[in-house]
2 protein chains.
Amino acid sequence: MNGQRPYTNALELLRAAQLRPTRQRLGLARLLFEKGDRHVSAEALHDEALAAQMRVSLATVYNTLHQFVGAGLLREVVINSGRSYFDTNVSDHHHFFYEASGRLLDIPGDRIAVTNLPAPPEGGAISRVDVIIRVEDSADPASRR
Amino acid sequence: MNGQRPYTNALELLRAAQLRPTRQRLGLARLLFEKGDRHVSAEALHDEALAAQMRVSLATVYNTLHQFVGAGLLREVVINSGRSYFDTNVSDHHHFFYEASGRLLDIPGDRIAVTNLPAPPEGGAISRVDVIIRVEDSADPASRR
DNA sequence: TGGATAATTTATAATCATTCTAAACTGTTG
DNA sequence: CAACAGTTTAGAATGATTATAAATTATCCA
């Protein structure tokens, strides 16, 4: 227990989420949750897994990411059309998005106040409020992804 | 001049944007700007154009939409990965997103206050702040698109 | 412990929105 | 009207993601 997260342990995490602790899910959970807050794309996570000598297919990476989102372990963040990011920070927070480099940075939920929220005109409960602050950076195009 | 928009006229609009007034661009501009604020996908606009007897290819619809975005006539809104919406409202405002039906509704910029914006930690100017309020609706799945 | 069974994984094909390409077409300018 | 640049187009290509169907693996219970 390191105090950072209720369950840093991959096995615990999967048990709590009612997901069978398979080799692939365990490995991916470790990559995702054992190093602080991250924003990864499916493909980036797959590459990382292969680099760490895990054998896992891209299809399984997608399946697993979606299961983790369903279980509330991850949050899916959509900024650009075409690619999703998965955020290991599931607490209330927002994002800076650096347009040139594609980097995503967390903003703690209590650093921004969104006030005066009108009620949805057509009814329905608010499930989430996303604030994305787009930042013009001048990163070299080579670092994009 | 109807007071709603500086240029309701498609030809004026294209001239001001320094885009040659071709048959396709004129037709698409009319569809887009002659009926109040809209959120359209490229494919939906293409369908609409065909239904209105215009001859225009999907590639041209994409080209034109991007040119209009570049000229500040449209704003691109990304909510779901996989599909972009183009918003004819380019003034400062935000969105309700109805998760089940996929509908997008404007929220005037002055109806919401986003205060306390932190400065981007890595520098760079803020180009835009997007607020998306996700609403759980229970629309029948048939009406999705 | 050893199947039986259901869940999971996987390679591969399929899909979908979008972009690219190169050739045909059209608006503009002289 | 000719010439040229700008535009459009069909169709192919791309890139992320999802579906499929067969092979593998975890779990359960005798």
# chains A, B, ... in the order shown; residues from 1 in each chain; ligands from 1
>>> interface_residues(of="chain B", to="chain D", cutoff="10 Å", atoms="only C-alpha atoms (C1' of nucleotides)", output="PDB file with N, CA and C atoms, in the first residue's frame")
ATOM      1  N   LEU B  19     -12.506  32.664 -50.874  1.00  0.00           N
ATOM      2  CA  LEU B  19     -12.662  31.365 -51.512  1.00  0.00           C
ATOM      3  C   LEU B  19     -13.454  31.557 -52.798  1.00  0.00           C
ATOM      4  N   ARG B  20     -12.990  30.970 -53.859  1.00  0.00           N
ATOM      5  CA  ARG B  20     -13.712  31.092 -55.125  1.00  0.00           C
ATOM      6  C   ARG B  20     -15.136  30.587 -54.983  1.00  0.00           C
ATOM      7  N   THR B  22     -17.479  28.672 -56.109  1.00  0.00           N
ATOM      8  CA  THR B  22     -17.830  27.596 -57.038  1.00  0.00           C
ATOM      9  C   THR B  22     -19.252  27.133 -56.732  1.00  0.00           C
ATOM     10  N   GLN B  24     -20.288  24.223 -55.954  1.00  0.00           N
ATOM     11  CA  GLN B  24     -20.345  23.373 -54.764  1.00  0.00           C
ATOM     12  C   GLN B  24     -20.261  24.184 -53.479  1.00  0.00           C
ATOM     13  N   VAL B  56     -22.367  16.961 -55.734  1.00  0.00           N
ATOM     14  CA  VAL B  56     -21.142  17.272 -55.010  1.00  0.00           C
ATOM     15  C   VAL B  56     -20.644  15.979 -54.388  1.00  0.00           C
ATOM     16  N   SER B  57     -19.340  15.799 -54.416  1.00  0.00           N
ATOM     17  CA  SER B  57     -18.785  14.559 -53.875  1.00  0.00           C
ATOM     18  C   SER B  57     -18.518  14.711 -52.385  1.00  0.00           C
ATOM     19  N   LEU B  58     -18.410  13.561 -51.723  1.00  0.00           N
ATOM     20  CA  LEU B  58     -18.114  13.576 -50.295  1.00  0.00           C
ATOM     21  C   LEU B  58     -16.747  14.217 -50.045  1.00  0.00           C
ATOM     22  N   ALA B  59     -15.803  13.963 -50.937  1.00  0.00           N
ATOM     23  CA  ALA B  59     -14.467  14.558 -50.778  1.00  0.00           C
ATOM     24  C   ALA B  59     -14.557  16.072 -50.774  1.00  0.00           C
ATOM     25  N   THR B  60     -15.382  16.607 -51.637  1.00  0.00           N
ATOM     26  CA  THR B  60     -15.534  18.061 -51.696  1.00  0.00           C
ATOM     27  C   THR B  60     -16.216  18.587 -50.433  1.00  0.00           C
ATOM     28  N   ASN B  63     -13.465  18.784 -47.998  1.00  0.00           N
ATOM     29  CA  ASN B  63     -12.583  19.900 -48.310  1.00  0.00           C
ATOM     30  C   ASN B  63     -13.230  21.225 -47.903  1.00  0.00           C
ATOM     31  N   SER B  81     -15.004   9.897 -30.343  1.00  0.00           N
ATOM     32  CA  SER B  81     -13.949   9.574 -31.270  1.00  0.00           C
ATOM     33  C   SER B  81     -14.655   9.033 -32.500  1.00  0.00           C
ATOM     34  N   GLY B  82     -14.079   9.252 -33.645  1.00  0.00           N
ATOM     35  CA  GLY B  82     -14.648   8.660 -34.837  1.00  0.00           C
ATOM     36  C   GLY B  82     -15.455   9.588 -35.711  1.00  0.00           C
TER      37      GLY B  82
END
>>> select_by_dssp(residues="range 17-123 of chain B", states="strand (DSSP E)", output="MDAnalysis selection string")
chainID B and resid 39:40 75:78 84:87 93:98 104:108 113:115
>>> calpha_fit_and_write(fixed="chain A", moving="chain B", output="compact mmCIF listing (two decimals) with C-alpha atoms, in the first residue's frame")
# COMPACT_ATOMS: atom_id res chain seq x y z
CA MET B 1 -0.52 0.14 0.24
CA ASN B 2 1.19 3.37 -0.76
CA GLY B 3 -1.55 5.84 -0.02
CA GLN B 4 -1.81 7.03 -3.60
CA ARG B 5 -4.56 4.74 -4.68
CA PRO B 6 -6.91 2.38 -2.93
CA TYR B 7 -5.62 -0.56 -4.99
CA THR B 8 -2.20 -0.34 -6.48
CA ASN B 9 -2.12 -4.08 -6.76
CA ALA B 10 -3.20 -5.36 -10.12
CA LEU B 11 -4.75 -8.54 -8.79
CA GLU B 12 -6.84 -6.72 -6.20
CA LEU B 13 -7.90 -4.26 -8.81
CA LEU B 14 -9.18 -6.93 -11.16
CA ARG B 15 -10.91 -8.80 -8.37
CA ALA B 16 -12.68 -5.65 -7.29
CA ALA B 17 -13.76 -5.05 -10.89
CA GLN B 18 -15.02 -8.63 -11.21
CA LEU B 19 -12.70 -9.32 -14.09
CA ARG B 20 -10.83 -12.59 -14.31
CA PRO B 21 -7.18 -12.00 -13.61
CA THR B 22 -5.74 -13.23 -16.87
CA ARG B 23 -2.10 -12.82 -17.79
CA GLN B 24 -2.96 -10.05 -20.26
CA ARG B 25 -5.20 -8.09 -17.96
CA LEU B 26 -2.73 -8.32 -15.11
CA GLY B 27 0.12 -7.12 -17.30
CA LEU B 28 -1.85 -4.23 -18.77
CA ALA B 29 -3.13 -3.20 -15.34
CA ARG B 30 0.45 -3.06 -14.08
CA LEU B 31 1.57 -0.95 -16.99
CA LEU B 32 -1.35 1.38 -16.54
CA PHE B 33 -1.56 1.79 -12.81
CA GLU B 34 1.91 1.33 -11.43
CA LYS B 35 3.31 4.63 -12.51
CA GLY B 36 1.10 7.53 -11.58
CA ASP B 37 -1.43 9.30 -13.75
CA ARG B 38 -1.19 8.61 -17.45
CA HIS B 39 -2.95 9.31 -20.72
CA VAL B 40 -2.41 6.50 -23.20
CA SER B 41 -3.81 5.54 -26.55
CA ALA B 42 -4.57 1.89 -27.24
CA GLU B 43 -1.74 1.64 -29.68
CA ALA B 44 0.78 3.29 -27.38
CA LEU B 45 -0.15 0.87 -24.61
CA HIS B 46 0.18 -2.05 -26.98
CA ASP B 47 3.65 -0.90 -28.03
CA GLU B 48 4.61 -0.53 -24.42
CA ALA B 49 3.38 -4.01 -23.62
CA LEU B 50 5.35 -5.52 -26.47
CA ALA B 51 8.44 -3.60 -25.41
CA ALA B 52 8.01 -5.11 -21.95
CA GLN B 53 8.02 -8.61 -23.51
CA MET B 54 4.33 -9.22 -22.84
CA ARG B 55 2.45 -11.19 -25.45
CA VAL B 56 -0.85 -9.49 -26.02
CA SER B 57 -2.77 -8.58 -29.14
CA LEU B 58 -4.01 -5.14 -30.05
CA ALA B 59 -7.58 -6.47 -29.96
CA THR B 60 -7.10 -7.51 -26.36
CA VAL B 61 -5.67 -4.13 -25.49
CA TYR B 62 -8.84 -2.53 -26.85
CA ASN B 63 -11.06 -5.02 -25.07
CA THR B 64 -9.25 -4.52 -21.81
CA LEU B 65 -9.24 -0.75 -21.99
CA HIS B 66 -12.98 -0.74 -22.53
CA GLN B 67 -13.56 -3.17 -19.72
CA PHE B 68 -11.50 -0.97 -17.43
CA VAL B 69 -13.52 2.04 -18.47
CA GLY B 70 -16.69 0.09 -17.75
CA ALA B 71 -15.36 -0.81 -14.32
CA GLY B 72 -14.50 2.80 -13.56
CA LEU B 73 -10.76 2.16 -13.49
CA LEU B 74 -10.13 4.37 -16.52
CA ARG B 75 -11.77 7.30 -18.17
CA GLU B 76 -11.91 7.74 -21.92
CA VAL B 77 -10.94 11.18 -23.16
CA VAL B 78 -11.76 12.28 -26.68
CA ILE B 79 -10.06 15.37 -27.99
CA ASN B 80 -9.16 14.77 -31.59
CA SER B 81 -11.41 12.93 -33.83
CA GLY B 82 -9.75 9.70 -34.75
CA ARG B 83 -8.04 8.72 -31.53
CA SER B 84 -9.09 8.06 -27.94
CA TYR B 85 -6.95 8.52 -24.89
CA PHE B 86 -7.44 6.55 -21.73
CA ASP B 87 -6.81 8.42 -18.51
CA THR B 88 -5.83 6.60 -15.36
CA ASN B 89 -7.03 9.53 -13.32
CA VAL B 90 -10.71 8.90 -12.74
CA SER B 91 -11.26 11.59 -10.17
CA ASP B 92 -13.02 14.82 -11.07
CA HIS B 93 -10.60 16.83 -13.19
CA HIS B 94 -10.07 18.55 -16.51
CA HIS B 95 -7.42 18.85 -19.21
CA PHE B 96 -4.96 21.05 -20.94
CA PHE B 97 -4.48 19.93 -24.51
CA TYR B 98 -1.33 21.06 -26.31
CA GLU B 99 -2.47 21.32 -29.89
CA ALA B 100 0.84 20.93 -31.66
CA SER B 101 2.36 18.16 -29.60
CA GLY B 102 -0.88 16.36 -28.75
CA ARG B 103 0.07 16.25 -25.07
CA LEU B 104 -2.59 16.06 -22.41
CA LEU B 105 -2.13 17.43 -18.90
CA ASP B 106 -4.45 17.09 -15.93
CA ILE B 107 -6.03 20.02 -14.16
CA PRO B 108 -7.36 19.08 -10.73
CA GLY B 109 -11.11 19.45 -10.52
CA ASP B 110 -10.90 21.99 -7.74
CA ARG B 111 -8.59 24.29 -9.71
CA ILE B 112 -11.39 25.30 -12.05
CA ALA B 113 -14.87 26.41 -11.21
CA VAL B 114 -17.61 25.87 -13.75
CA THR B 115 -20.50 27.76 -12.33
CA ASN B 116 -23.98 28.61 -13.37
CA LEU B 117 -24.51 25.34 -15.19
CA PRO B 118 -27.85 25.53 -16.94
CA ALA B 119 -30.11 22.50 -16.72
CA PRO B 120 -30.23 20.39 -19.89
CA PRO B 121 -33.14 21.84 -21.91
CA GLU B 122 -34.37 18.46 -23.02
CA GLY B 123 -34.11 16.86 -19.61
CA GLY B 124 -31.80 14.09 -18.46
CA ALA B 125 -29.14 13.93 -15.79
CA ILE B 126 -25.70 15.41 -16.25
CA SER B 127 -23.25 12.53 -16.30
CA ARG B 128 -20.08 14.56 -16.62
CA VAL B 129 -18.72 18.00 -17.35
CA ASP B 130 -15.56 18.09 -19.42
CA VAL B 131 -13.43 21.19 -19.68
CA ILE B 132 -10.68 21.15 -22.28
CA ILE B 133 -8.30 24.06 -22.46
CA ARG B 134 -6.60 24.07 -25.83
CA VAL B 135 -3.12 25.50 -25.78
CA GLU B 136 -1.19 26.68 -28.81
CA ASP B 137 2.22 25.20 -28.39
CA SER B 138 4.94 25.27 -30.98
CA ALA B 139 6.35 21.82 -30.45
CA ASP B 140 8.30 20.39 -33.34
CA PRO B 141 5.99 18.27 -35.47
CA ALA B 142 8.31 15.29 -35.09
CA SER B 143 7.20 14.77 -31.51
CA ARG B 144 3.54 14.38 -32.41
CA ARG B 145 1.61 11.22 -31.92
>>> interface_residues(of="chain C", to="chain A", cutoff="10 Å", atoms="only C-alpha atoms (C1' of nucleotides)", output="PyMOL selection string")
chain C and resi 7-11+17-18
>>> write_last_selection(atoms="C-alpha atoms (C1' of nucleotides)", output="mmCIF file, in the first residue's frame")
data_model
loop_
_atom_site.group_PDB
_atom_site.id
_atom_site.type_symbol
_atom_site.label_atom_id
_atom_site.label_comp_id
_atom_site.auth_asym_id
_atom_site.auth_seq_id
_atom_site.Cartn_x
_atom_site.Cartn_y
_atom_site.Cartn_z
ATOM 1 C "C1'" DA C 7 -14.699 -16.721 -20.469
ATOM 2 C "C1'" DT C 8 -10.888 -14.833 -22.851
ATOM 3 C "C1'" DT C 9 -7.554 -14.156 -26.346
ATOM 4 C "C1'" DT C 10 -6.080 -13.940 -30.925
ATOM 5 C "C1'" DA C 11 -5.137 -13.430 -35.948
ATOM 6 C "C1'" DA C 17 -14.637 8.156 -41.117
ATOM 7 C "C1'" DT C 18 -11.388 10.627 -43.265
#
>>> select_by_dssp(residues="range 6-64 of chain A", states="helix (DSSP H, G or I)", output="MDAnalysis selection string")
chainID A and resid 10:16 23:33 42:51 58:64
